[in-house]
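**Q** For reference, this is target38.txt, and it has compact mmCIF, N, CA and C atoms.
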# COMPACT_ATOMS: atom_id res chain seq x y z
N MET L 1 -19.97 -45.74 3.62
CA MET L 1 -19.66 -45.30 2.27
C MET L 1 -20.10 -43.85 2.00
N PRO L 2 -21.18 -43.36 2.56
CA PRO L 2 -21.60 -41.98 2.25
C PRO L 2 -20.60 -40.92 2.70
N PHE L 3 -19.74 -41.23 3.67
CA PHE L 3 -18.78 -40.23 4.13
C PHE L 3 -17.77 -39.88 3.04
N ILE L 4 -17.58 -40.73 2.06
CA ILE L 4 -16.66 -40.45 0.96
C ILE L 4 -17.16 -39.26 0.16
N TYR L 5 -18.47 -39.11 0.04
CA TYR L 5 -19.02 -38.00 -0.73
C TYR L 5 -18.69 -36.65 -0.09
N ALA L 6 -18.44 -36.63 1.19
CA ALA L 6 -18.07 -35.38 1.86
C ALA L 6 -16.68 -34.93 1.42
N PHE L 7 -15.82 -35.87 1.09
CA PHE L 7 -14.45 -35.55 0.67
C PHE L 7 -14.31 -35.37 -0.83
N LEU L 8 -15.34 -35.64 -1.59
CA LEU L 8 -15.26 -35.56 -3.04
C LEU L 8 -14.88 -34.18 -3.55
N PRO L 9 -15.48 -33.08 -3.06
CA PRO L 9 -15.04 -31.76 -3.55
C PRO L 9 -13.56 -31.48 -3.27
N MET L 10 -13.07 -31.91 -2.11
CA MET L 10 -11.67 -31.70 -1.79
C MET L 10 -10.77 -32.50 -2.73
N ILE L 11 -11.17 -33.71 -3.03
CA ILE L 11 -10.37 -34.55 -3.94
C ILE L 11 -10.36 -33.95 -5.34
N VAL L 12 -11.50 -33.47 -5.79
CA VAL L 12 -11.58 -32.84 -7.11
C VAL L 12 -10.71 -31.59 -7.15
N TRP L 13 -10.73 -30.80 -6.09
CA TRP L 13 -9.91 -29.59 -6.04
C TRP L 13 -8.42 -29.95 -6.08
N GLN L 14 -8.02 -30.96 -5.32
CA GLN L 14 -6.61 -31.34 -5.29
C GLN L 14 -6.14 -31.85 -6.65
N VAL L 15 -6.96 -32.63 -7.31
CA VAL L 15 -6.60 -33.13 -8.63
C VAL L 15 -6.51 -31.98 -9.63
N SER L 16 -7.44 -31.04 -9.55
CA SER L 16 -7.42 -29.88 -10.44
C SER L 16 -6.18 -29.04 -10.19
N TRP L 17 -5.84 -28.83 -8.93
CA TRP L 17 -4.64 -28.05 -8.57
C TRP L 17 -3.38 -28.75 -9.09
N PHE L 18 -3.34 -30.08 -8.93
CA PHE L 18 -2.19 -30.85 -9.40
C PHE L 18 -2.01 -30.69 -10.91
N PHE L 19 -3.09 -30.79 -11.67
CA PHE L 19 -2.99 -30.64 -13.12
C PHE L 19 -2.65 -29.22 -13.52
N ALA L 20 -3.09 -28.24 -12.77
CA ALA L 20 -2.73 -26.85 -13.05
C ALA L 20 -1.23 -26.64 -12.85
N GLN L 21 -0.67 -27.25 -11.81
CA GLN L 21 0.77 -27.15 -11.57
C GLN L 21 1.56 -27.85 -12.68
N LEU L 22 1.07 -28.99 -13.13
CA LEU L 22 1.74 -29.68 -14.22
C LEU L 22 1.71 -28.86 -15.50
N GLN L 23 0.58 -28.21 -15.76
CA GLN L 23 0.47 -27.37 -16.95
C GLN L 23 1.42 -26.18 -16.88
N LYS L 24 1.55 -25.59 -15.70
CA LYS L 24 2.47 -24.46 -15.52
C LYS L 24 3.91 -24.90 -15.77
N GLU L 25 4.29 -26.05 -15.22
CA GLU L 25 5.63 -26.57 -15.42
C GLU L 25 5.86 -26.91 -16.90
N ASN L 26 4.86 -27.47 -17.54
CA ASN L 26 4.96 -27.81 -18.96
C ASN L 26 5.16 -26.55 -19.80
N ASP L 27 4.45 -25.48 -19.47
CA ASP L 27 4.61 -24.23 -20.20
C ASP L 27 6.02 -23.67 -20.04
N GLU L 28 6.57 -23.75 -18.84
CA GLU L 28 7.93 -23.27 -18.60
C GLU L 28 8.95 -24.10 -19.38
N LEU L 29 8.77 -25.41 -19.35
CA LEU L 29 9.70 -26.28 -20.08
C LEU L 29 9.58 -26.07 -21.59
N ARG L 30 8.35 -25.84 -22.07
CA ARG L 30 8.15 -25.59 -23.50
C ARG L 30 8.85 -24.30 -23.91
N ALA L 31 8.80 -23.27 -23.06
CA ALA L 31 9.47 -22.00 -23.36
C ALA L 31 10.98 -22.20 -23.42
N ARG L 32 11.52 -22.99 -22.51
CA ARG L 32 12.96 -23.24 -22.53
C ARG L 32 13.36 -24.03 -23.77
N LEU L 33 12.57 -25.02 -24.14
CA LEU L 33 12.86 -25.81 -25.32
C LEU L 33 12.80 -24.94 -26.57
N ASP L 34 11.82 -24.08 -26.65
CA ASP L 34 11.72 -23.18 -27.80
C ASP L 34 12.94 -22.27 -27.88
N ALA L 35 13.44 -21.81 -26.74
CA ALA L 35 14.62 -20.96 -26.73
C ALA L 35 15.85 -21.75 -27.16
N LEU L 36 15.96 -22.99 -26.72
CA LEU L 36 17.10 -23.82 -27.12
C LEU L 36 17.07 -24.14 -28.61
N GLU L 37 15.87 -24.32 -29.15
CA GLU L 37 15.74 -24.63 -30.57
C GLU L 37 15.82 -23.39 -31.45
N GLY L 38 15.90 -22.23 -30.83
CA GLY L 38 16.03 -21.00 -31.59
C GLY L 38 14.71 -20.43 -32.07
N LYS L 39 13.59 -20.94 -31.58
CA LYS L 39 12.29 -20.43 -32.00
C LYS L 39 11.94 -19.10 -31.33
N THR L 40 12.50 -18.88 -30.15
CA THR L 40 12.30 -17.61 -29.44
C THR L 40 13.65 -17.16 -28.89
N ASN L 41 13.70 -15.93 -28.45
CA ASN L 41 14.92 -15.40 -27.85
C ASN L 41 15.01 -15.82 -26.39
N ALA L 42 16.23 -16.04 -25.92
CA ALA L 42 16.43 -16.39 -24.52
C ALA L 42 16.05 -15.23 -23.61
N GLU L 43 16.06 -14.00 -24.14
CA GLU L 43 15.70 -12.83 -23.33
C GLU L 43 14.24 -12.87 -22.90
N GLU L 44 13.43 -13.66 -23.60
CA GLU L 44 12.01 -13.73 -23.29
C GLU L 44 11.70 -14.66 -22.12
N LEU L 45 12.70 -15.44 -21.68
CA LEU L 45 12.48 -16.33 -20.55
C LEU L 45 12.31 -15.51 -19.27
N PRO L 46 11.48 -15.96 -18.35
CA PRO L 46 11.18 -15.18 -17.14
C PRO L 46 12.42 -14.80 -16.33
N GLU L 47 13.38 -15.71 -16.19
CA GLU L 47 14.54 -15.39 -15.37
C GLU L 47 15.42 -14.35 -16.06
N ASN L 48 15.32 -14.18 -17.35
CA ASN L 48 16.11 -13.19 -18.06
C ASN L 48 15.38 -11.85 -18.16
N ARG L 49 14.09 -11.84 -17.94
CA ARG L 49 13.34 -10.59 -17.96
C ARG L 49 13.50 -9.80 -16.67
N ALA L 50 13.97 -10.47 -15.62
CA ALA L 50 14.10 -9.81 -14.33
C ALA L 50 15.18 -8.73 -14.35
N VAL L 51 16.20 -8.93 -15.14
CA VAL L 51 17.31 -7.97 -15.23
C VAL L 51 17.21 -7.29 -16.59
N ALA L 52 16.73 -6.08 -16.57
CA ALA L 52 16.61 -5.31 -17.81
C ALA L 52 17.90 -4.56 -18.08
N PRO L 53 18.42 -4.66 -19.28
CA PRO L 53 19.64 -3.91 -19.59
C PRO L 53 19.39 -2.41 -19.60
N GLY L 54 20.36 -1.67 -19.10
CA GLY L 54 20.29 -0.21 -19.14
C GLY L 54 19.53 0.36 -18.06
Now that the file is in, can you turn its structure into structure tokens?
**A**
Amino acid sequence: MPFIYAFLPMIVWQVSWFFAQLQKENDELRARLDALEGKTNAEELPENRAVAPG
């Protein structure tokens, strides 16, 4: 059983990384939803900022 404690930091890191990825995806989806609902401009989305007019 003590060998499990050796893997505990790795497990904590993986869970933290997983939740960070979920939060990033949630932020992106929230930005898209806000644009669809008209709360923000579609130009503010990351894929639309890549091509600057002019």
**Q** Take CA of Glu25 in chain L and atom N of Leu45 in chain L and report the distance between them in Å, one decimal.
**A**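 Taking CA of Glu25 in chain L and atom N of Leu45 in chain L, their separation equals 14.6 Å.
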**Q** Rounded to one decimal, what separation in Å do you get between CA of Gln21 in chain L and CA of Asp34 in chain L?
**A**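 Computing it gives 20.0 Å between the two atoms.
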**Q** How many Å separate atom C of Thr40 in chain L from atom N of Gln23 in chain L?
**A**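 Between these atoms lies a distance of 21.6 Å.
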